[in-house]
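Source file protein_29.csv; content: CSV, C-alpha atoms.
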chain,number,residue,atom,x,y,z
A,1,MET,CA,0.0,0.0,0.0
A,2,GLN,CA,1.3,3.5,-0.9
A,3,ASN,CA,1.7,6.1,1.8
A,4,LEU,CA,-1.9,7.3,2.1
A,5,THR,CA,-3.8,9.7,4.4
A,6,ARG,CA,-4.8,8.0,7.6
A,7,ARG,CA,-8.6,7.6,7.6
A,8,ARG,CA,-9.4,5.9,11.0
A,9,ALA,CA,-12.2,8.4,11.7
A,10,VAL,CA,-13.6,10.3,8.7
A,11,LEU,CA,-16.2,13.0,9.7
A,12,VAL,CA,-18.8,13.9,7.0
A,13,ALA,CA,-20.3,17.4,7.2
A,14,PRO,CA,-22.9,19.2,5.1
A,15,GLY,CA,-21.4,21.5,2.6
A,16,SER,CA,-24.4,23.9,2.9
A,17,ASP,CA,-24.0,24.5,6.6
A,18,GLU,CA,-21.0,26.7,7.4
A,19,ARG,CA,-21.4,26.3,11.2
A,20,LYS,CA,-21.4,22.5,11.0
A,21,ALA,CA,-18.6,22.4,8.4
A,22,LEU,CA,-16.4,24.7,10.5
A,23,LYS,CA,-17.0,22.6,13.6
A,24,ALA,CA,-16.0,19.5,11.6
A,25,LEU,CA,-12.8,21.2,10.3
A,26,LYS,CA,-11.9,22.0,13.9
A,27,SER,CA,-12.5,18.4,15.1
A,28,ASN,CA,-9.9,15.7,15.7
A,29,ALA,CA,-11.1,13.6,12.8
A,30,ASP,CA,-8.3,12.3,10.6
A,31,GLU,CA,-10.2,13.5,7.5
A,32,VAL,CA,-13.2,15.7,7.0
A,33,VAL,CA,-15.5,15.1,3.9
A,34,LEU,CA,-17.5,18.2,3.0
A,35,ASP,CA,-20.7,16.9,1.4
A,36,LEU,CA,-22.2,18.4,-1.7
A,37,GLU,CA,-24.5,15.5,-2.4
A,38,ASP,CA,-27.1,14.0,0.0
A,39,ALA,CA,-26.7,16.8,2.6
A,40,VAL,CA,-27.5,19.6,0.2
A,41,ALA,CA,-31.0,20.4,-1.3
A,42,PRO,CA,-31.1,21.0,-5.1
A,43,ALA,CA,-31.8,24.7,-4.7
A,44,LYS,CA,-28.6,25.1,-2.6
A,45,LYS,CA,-26.2,23.1,-4.7
A,46,ALA,CA,-24.4,26.2,-6.2
A,47,ALA,CA,-24.1,28.1,-3.0
A,48,ALA,CA,-22.8,25.0,-1.2
A,49,ARG,CA,-20.2,24.5,-3.9
A,50,ASP,CA,-19.0,28.1,-3.4
A,51,LEU,CA,-18.9,27.7,0.4
A,52,VAL,CA,-17.0,24.4,0.3
A,53,SER,CA,-14.4,25.8,-2.1
A,54,ARG,CA,-13.8,28.7,0.2
A,55,LEU,CA,-13.6,26.5,3.3
A,56,VAL,CA,-11.1,24.2,1.6
A,57,ARG,CA,-8.9,27.1,0.6
A,58,GLU,CA,-9.1,28.6,4.1
A,59,SER,CA,-8.4,25.3,5.9
A,60,ASP,CA,-5.2,25.3,8.0
A,61,GLY,CA,-3.9,21.9,6.7
A,62,SER,CA,-4.0,20.3,10.1
A,63,ARG,CA,-6.2,17.4,8.7
A,64,ALA,CA,-7.1,16.1,5.3
A,65,VAL,CA,-10.1,17.7,3.7
A,66,SER,CA,-12.0,16.0,0.9
A,67,VAL,CA,-15.2,16.8,-1.0
A,68,ARG,CA,-18.1,14.4,-1.9
A,69,ILE,CA,-19.4,15.6,-5.2
A,70,ASN,CA,-22.8,14.9,-6.7
A,71,ALA,CA,-23.2,11.7,-8.6
A,72,LEU,CA,-21.8,11.8,-12.1
A,73,THR,CA,-25.2,11.3,-13.7
A,74,THR,CA,-26.6,14.5,-12.0
A,75,PRO,CA,-26.6,18.0,-13.6
A,76,TRP,CA,-24.3,19.3,-10.8
A,77,ALA,CA,-21.4,16.9,-11.2
A,78,ALA,CA,-19.5,18.8,-13.9
A,79,ASP,CA,-19.5,22.0,-11.9
A,80,ASP,CA,-18.5,20.1,-8.8
A,81,LEU,CA,-15.5,18.6,-10.6
A,82,ALA,CA,-14.5,21.9,-12.1
A,83,ALA,CA,-14.5,23.5,-8.7
A,84,CYS,CA,-12.5,20.7,-7.2
A,85,ALA,CA,-9.9,20.8,-10.0
A,86,GLU,CA,-9.3,24.5,-9.1
A,87,LEU,CA,-8.6,23.6,-5.5
A,88,GLY,CA,-5.7,21.4,-6.6
A,89,PRO,CA,-3.3,20.2,-3.8
A,90,SER,CA,-5.3,21.9,-1.0
A,91,LEU,CA,-7.9,19.1,-1.5
A,92,ALA,CA,-7.0,15.6,-0.2
A,93,SER,CA,-9.4,13.9,-2.6
A,94,ILE,CA,-12.7,13.8,-4.3
A,95,VAL,CA,-15.3,11.3,-3.1
A,96,VAL,CA,-17.2,10.0,-6.1
A,97,PRO,CA,-20.6,8.7,-4.9
A,98,LYS,CA,-22.5,5.8,-6.5
A,99,THR,CA,-19.4,4.6,-8.3
A,100,GLU,CA,-20.5,1.7,-10.5
A,101,THR,CA,-17.7,1.2,-13.0
A,102,HIS,CA,-14.0,1.8,-13.6
A,103,LYS,CA,-15.1,4.3,-16.3
A,104,ASP,CA,-16.8,6.5,-13.7
A,105,LEU,CA,-13.5,7.1,-12.0
A,106,GLN,CA,-11.7,7.5,-15.2
A,107,ASP,CA,-14.1,10.2,-16.3
A,108,ALA,CA,-13.7,11.9,-12.9
A,109,ALA,CA,-9.9,11.7,-13.1
A,110,ASP,CA,-10.0,13.2,-16.6
A,111,ALA,CA,-11.9,16.2,-15.3
A,112,VAL,CA,-9.7,16.9,-12.3
A,113,GLY,CA,-6.1,16.1,-13.3
A,114,THR,CA,-3.9,15.1,-10.4
A,115,VAL,CA,-6.5,15.4,-7.6
A,116,ARG,CA,-6.9,12.0,-5.8
A,117,LEU,CA,-10.1,10.1,-5.8
A,118,GLN,CA,-12.1,7.9,-3.4
A,119,ALA,CA,-14.9,5.6,-4.6
A,120,LEU,CA,-18.1,5.4,-2.6
A,121,VAL,CA,-19.7,2.1,-3.6
A,122,GLU,CA,-23.4,2.1,-2.8
A,123,THR,CA,-25.2,0.2,-5.5
A,124,PRO,CA,-25.3,-3.6,-6.4
A,125,ARG,CA,-23.6,-2.8,-9.7
A,126,GLY,CA,-20.8,-1.1,-7.9
A,127,VAL,CA,-20.3,-4.1,-5.6
A,128,GLN,CA,-20.4,-6.4,-8.7
A,129,ASN,CA,-17.6,-4.3,-10.3
A,130,ILE,CA,-15.5,-3.7,-7.2
A,131,ASP,CA,-12.4,-5.4,-8.6
A,132,ALA,CA,-12.2,-3.1,-11.6
A,133,ILE,CA,-13.2,-0.1,-9.6
A,134,SER,CA,-10.4,-0.7,-7.1
A,135,ARG,CA,-7.8,-0.7,-9.9
A,136,ALA,CA,-8.7,2.8,-11.2
A,137,ASP,CA,-5.9,5.4,-11.5
A,138,HIS,CA,-5.6,8.1,-8.8
A,139,LEU,CA,-7.7,6.1,-6.4
A,140,ASP,CA,-6.9,6.1,-2.7
A,141,ALA,CA,-9.8,4.3,-1.1
A,142,VAL,CA,-13.1,2.5,-1.6
A,143,ILE,CA,-15.9,3.1,0.9
A,144,ILE,CA,-19.1,1.1,1.5
A,145,GLY,CA,-22.3,3.2,1.4
A,146,TYR,CA,-24.7,1.2,3.5
A,147,ALA,CA,-27.8,3.4,3.3
A,148,ASP,CA,-28.3,3.4,-0.5
A,149,LEU,CA,-26.9,-0.1,-0.9
A,150,GLY,CA,-29.2,-1.5,1.7
A,151,ALA,CA,-32.2,0.2,0.1
A,152,ALA,CA,-31.3,-1.2,-3.3
A,153,LEU,CA,-30.8,-4.7,-1.8
A,154,GLY,CA,-34.0,-4.5,0.2
A,155,ARG,CA,-32.0,-5.0,3.4
A,156,SER,CA,-33.4,-3.9,6.7
A,157,ARG,CA,-31.9,-0.7,8.1
A,158,GLY,CA,-31.5,-2.6,11.4
A,159,ALA,CA,-29.2,-5.2,9.7
A,160,LEU,CA,-26.2,-6.0,12.0
A,161,PRO,CA,-22.6,-5.6,10.8
A,162,GLU,CA,-22.4,-9.4,10.4
A,163,HIS,CA,-25.1,-9.3,7.8
A,164,TRP,CA,-22.9,-7.3,5.5
A,165,LEU,CA,-19.9,-9.7,5.7
A,166,ALA,CA,-20.0,-10.9,2.1
A,167,ILE,CA,-19.9,-7.4,0.8
A,168,GLN,CA,-17.4,-6.2,3.3
A,169,GLU,CA,-15.1,-9.1,2.3
A,170,ALA,CA,-15.4,-8.4,-1.4
A,171,VAL,CA,-14.6,-4.7,-0.9
A,172,LEU,CA,-11.7,-5.5,1.4
A,173,VAL,CA,-10.1,-8.1,-0.9
A,174,ALA,CA,-10.4,-5.9,-3.9
A,175,ALA,CA,-8.9,-2.9,-2.0
A,176,ARG,CA,-6.0,-5.0,-0.7
A,177,ALA,CA,-5.3,-6.5,-4.2
A,178,ALA,CA,-5.1,-3.0,-5.6
A,179,GLY,CA,-3.0,-1.6,-2.7
A,180,ILE,CA,-5.6,1.0,-1.6
A,181,GLN,CA,-7.6,1.6,1.6
A,182,ALA,CA,-10.9,0.0,2.5
A,183,ILE,CA,-13.1,2.4,4.5
A,184,ASP,CA,-16.2,1.3,6.3
A,185,GLY,CA,-19.2,3.5,5.6
A,186,PRO,CA,-21.2,5.4,8.3
A,187,PHE,CA,-23.3,3.6,10.9
A,188,LEU,CA,-26.9,4.6,10.5
A,189,GLY,CA,-27.2,6.4,13.8
A,190,ILE,CA,-25.5,9.4,15.4
A,191,ALA,CA,-24.9,8.1,18.9
A,192,ASP,CA,-21.6,6.8,20.3
A,193,ASP,CA,-23.3,3.8,21.7
A,194,ASP,CA,-22.6,0.1,22.0
A,195,ALA,CA,-24.1,-0.6,18.5
A,196,PHE,CA,-21.8,2.0,16.9
A,197,ARG,CA,-18.7,0.7,18.7
A,198,HIS,CA,-19.5,-2.9,17.7
A,199,SER,CA,-19.8,-1.8,14.1
A,200,ALA,CA,-16.4,-0.1,14.2
A,201,SER,CA,-14.7,-3.0,16.0
A,202,TRP,CA,-16.2,-5.5,13.6
A,203,THR,CA,-14.8,-4.0,10.5
A,204,SER,CA,-11.5,-3.1,12.2
A,205,ALA,CA,-11.1,-6.8,13.1
A,206,LEU,CA,-11.9,-7.7,9.5
A,207,GLY,CA,-9.0,-5.5,8.4
A,208,PHE,CA,-10.6,-2.2,7.3
A,209,ASP,CA,-8.5,1.0,7.6
A,210,GLY,CA,-11.2,3.3,9.1
A,211,LYS,CA,-14.8,4.4,9.2
A,212,TRP,CA,-17.0,7.3,8.2
A,213,VAL,CA,-18.9,9.0,11.1
A,214,ILE,CA,-21.7,11.4,10.8
A,215,HIS,CA,-21.5,13.0,14.3
A,216,PRO,CA,-18.4,14.4,16.1
A,217,ASN,CA,-19.3,12.3,19.2
A,218,GLN,CA,-18.3,9.2,17.2
A,219,ILE,CA,-14.8,10.3,16.3
A,220,SER,CA,-13.0,9.1,19.3
A,221,SER,CA,-14.5,5.6,19.3
A,222,ALA,CA,-13.9,5.2,15.6
A,223,ALA,CA,-10.3,6.3,15.9
A,224,ALA,CA,-9.7,4.0,18.8
A,225,ALA,CA,-11.2,1.0,17.0
A,226,PHE,CA,-8.7,1.4,14.1
A,227,THR,CA,-5.6,2.3,16.2
A,228,PRO,CA,-3.3,-0.6,17.1
A,229,SER,CA,-2.3,-1.1,20.7
A,230,ASN,CA,1.0,0.1,22.0
A,231,ALA,CA,2.1,-3.5,22.3
A,232,ASP,CA,1.2,-4.2,18.6
A,233,VAL,CA,3.1,-1.1,17.5
A,234,ASP,CA,6.2,-2.0,19.6
A,235,ASN,CA,6.2,-5.5,18.1
A,236,ALA,CA,5.8,-4.2,14.6
A,237,ARG,CA,8.8,-2.0,15.0
A,238,ARG,CA,10.8,-4.9,16.3
A,239,VAL,CA,9.8,-6.9,13.3
A,240,ILE,CA,10.9,-4.2,10.9
A,241,ASP,CA,14.2,-3.7,12.8
A,242,ALA,CA,14.9,-7.4,12.7
A,243,LEU,CA,14.3,-7.6,9.0
A,244,ALA,CA,16.5,-4.5,8.4
A,245,ASP,CA,19.3,-6.0,10.5
A,246,ALA,CA,19.1,-9.3,8.6
A,247,GLU,CA,19.3,-7.6,5.3
A,248,ALA,CA,22.3,-5.4,6.4
A,249,ALA,CA,24.1,-8.6,7.5
A,250,GLY,CA,23.4,-10.3,4.2
A,251,ASN,CA,21.2,-13.0,5.8
A,252,GLY,CA,18.5,-14.5,3.7
A,253,ALA,CA,16.2,-14.9,6.6
A,254,ALA,CA,15.4,-13.0,9.8
A,255,GLN,CA,14.3,-14.3,13.2
A,256,LEU,CA,12.7,-12.6,16.2
A,257,ASP,CA,12.0,-14.3,19.5
A,258,GLY,CA,12.9,-17.6,18.0
A,259,GLN,CA,10.4,-17.3,15.2
A,260,MET,CA,11.2,-16.9,11.5
A,261,LEU,CA,10.0,-13.7,9.9
A,262,ASP,CA,8.4,-14.0,6.5
A,263,GLU,CA,6.9,-11.5,4.1
A,264,ALA,CA,3.4,-12.0,5.6
A,265,VAL,CA,4.7,-10.9,9.0
A,266,ALA,CA,6.5,-8.0,7.4
A,267,VAL,CA,3.3,-6.9,5.5
A,268,ALA,CA,1.3,-7.0,8.8
A,269,ALA,CA,4.0,-5.0,10.6
A,270,ARG,CA,4.1,-2.3,8.0
A,271,ARG,CA,0.4,-2.0,8.0
A,272,VAL,CA,0.4,-1.5,11.8
A,273,LEU,CA,3.0,1.2,11.6
A,274,ALA,CA,1.0,2.9,8.7
A,275,GLN,CA,-2.0,3.0,11.0
A,276,VAL,CA,-0.1,5.1,13.5
A,277,GLY,CA,1.6,7.3,10.9
A,278,GLY,CA,4.9,5.4,11.1
A,279,GLN,CA,7.1,4.2,8.4
What do you get writing this file as structure tokens?
Amino acid sequence: MQNLTRRRAVLVAPGSDERKALKALKSNADEVVLDLEDAVAPAKKAAARDLVSRLVRESDGSRAVSVRINALTTPWAADDLAACAELGPSLASIVVPKTETHKDLQDAADAVGTVRLQALVETPRGVQNIDAISRADHLDAVIIGYADLGAALGRSRGALPEHWLAIQEAVLVAARAAGIQAIDGPFLGIADDDAFRHSASWTSALGFDGKWVIHPNQISSAAAAFTPSNADVDNARRVIDALADAEAAGNGAAQLDGQMLDEAVAVAARRVLAQVGGQ
């Protein structure tokens, strides 16, 4: 996996509400996504776009700021993409909602140049095409959008995290094969309660890199769920150091605490360090 923005806790804020957007930008979320899509009424799309552009330019760089544009099939998408292209490197990425094909992301990339992308997969067709989607150029992450996907599937809004396992596994495997992040979508509730924490711990245990949250109260629990323990970090550093020492000595194999270290152990160690911002 390339060196990507940490996304343990990603806070989504409405792009039409300056107060809420500013509060999000001052939060301790790893990333803030300013939303031009679901959170904005059609009559306010243009004003929200202007507001989001200004807020991105004025952000202090203390955390990643991304923008969720309107779906590519809508009349607002072209203007959204043009505005994001003008923001350039001040924008961490563009979240493309309802991504269904590799071509969707290629079209977005063609419109914005070097700005990075994230794919929000929230339709059955998107899940069906997840392997091709994950291999798109300029893509940093794939995100599961539970609300729209659940509605399309006819799944109960009260479905437990375990009921999504097949889709979660498909997204995770595709992301890992492509070397990008797998981000869990928002829990359909705003409380930092047992149900939310179970949702976060479930996908963390599966191997996801982080989770979207829709209320600042959920940030700390989400970040904690996707942050390795101190013991895990110390062990990962010891693994990397042992491998480096073996390579420097010209040894073909490395050992630590009487155990052989193979590439699978090295991959796991590097991932743990990436989760805490280490190398």
Q: Do a neighbour search on A:Gly88 at 9 Å with only C-alpha atoms, toss out local chain neighbours closer than 2 positions, and write the hits as a ChimeraX atom specification.
A: /A:84-86,90-92,112-115
Determine, using all atoms listed in the file, which residues of stretch 87-156 of chain A have any atom at most 6 Å from an atom of stretch 164-183 of chain A, and tabulate each with its shortest atom pair and distance in Å to one decimal place, rows ordered by chain and then rising number, as a Markdown table.
| residue | atom | partner | partner_atom | distance |
| --- | --- | --- | --- | --- |
| A:Asp131 | CA | A:Ala174 | CA | 5.1 |
| A:Ser134 | CA | A:Ala175 | CA | 5.8 |
| A:Arg135 | CA | A:Ala178 | CA | 5.6 |
| A:Asp140 | CA | A:Ile180 | CA | 5.4 |
| A:Ala141 | CA | A:Gln181 | CA | 4.4 |
| A:Val142 | CA | A:Ala182 | CA | 5.3 |
| A:Ile143 | CA | A:Ile183 | CA | 4.6 |
Q) Counting only C-alpha atoms, what is within 7 Å of stretch 14-30 of chain A, bar same-chain residues fewer than 4 positions away, as a ChimeraX atom specification? A) /A:6-10,34-36,39-40,48,52,63-64,219
Q) In Å, with one decimal, what is the gap from atom CA of A:Leu139 to atom CA of A:Ala108? A) 10.6 Å
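Taking atom CA of A:Asn129 and atom CA of A:Pro97 as endpoints, the distance between them is 14.4 Å.
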Q.
I want to know what sits within 12 Å of A:Gly189, based on only C-alpha atoms, with residues of the same chain fewer than 2 positions away left out; could you give that as a list in words?
A.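 Here the answer would be Tyr146, Ala147, Arg157, Gly158, Gly185, Pro186, Phe187, Ala191, Asp192, Asp193, Asp194, Ala195, Phe196, Arg197, Ser199, Trp212, Val213, Ile214, His215, Asn217 and Gln218 of chain A.
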Can you write out the residues you just picked, keeping C-alpha atoms, as a CSV table (one decimal), keeping the file's coordinate frame?
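Result went into again-v9.csv, see below:
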chain,number,residue,atom,x,y,z
A,146,TYR,CA,-24.7,1.2,3.5
A,147,ALA,CA,-27.8,3.4,3.3
A,157,ARG,CA,-31.9,-0.7,8.1
A,158,GLY,CA,-31.5,-2.6,11.4
A,185,GLY,CA,-19.2,3.5,5.6
A,186,PRO,CA,-21.2,5.4,8.3
A,187,PHE,CA,-23.3,3.6,10.9
A,191,ALA,CA,-24.9,8.1,18.9
A,192,ASP,CA,-21.6,6.8,20.3
A,193,ASP,CA,-23.3,3.8,21.7
A,194,ASP,CA,-22.6,0.1,22.0
A,195,ALA,CA,-24.1,-0.6,18.5
A,196,PHE,CA,-21.8,2.0,16.9
A,197,ARG,CA,-18.7,0.7,18.7
A,199,SER,CA,-19.8,-1.8,14.1
A,212,TRP,CA,-17.0,7.3,8.2
A,213,VAL,CA,-18.9,9.0,11.1
A,214,ILE,CA,-21.7,11.4,10.8
A,215,HIS,CA,-21.5,13.0,14.3
A,217,ASN,CA,-19.3,12.3,19.2
A,218,GLN,CA,-18.3,9.2,17.2
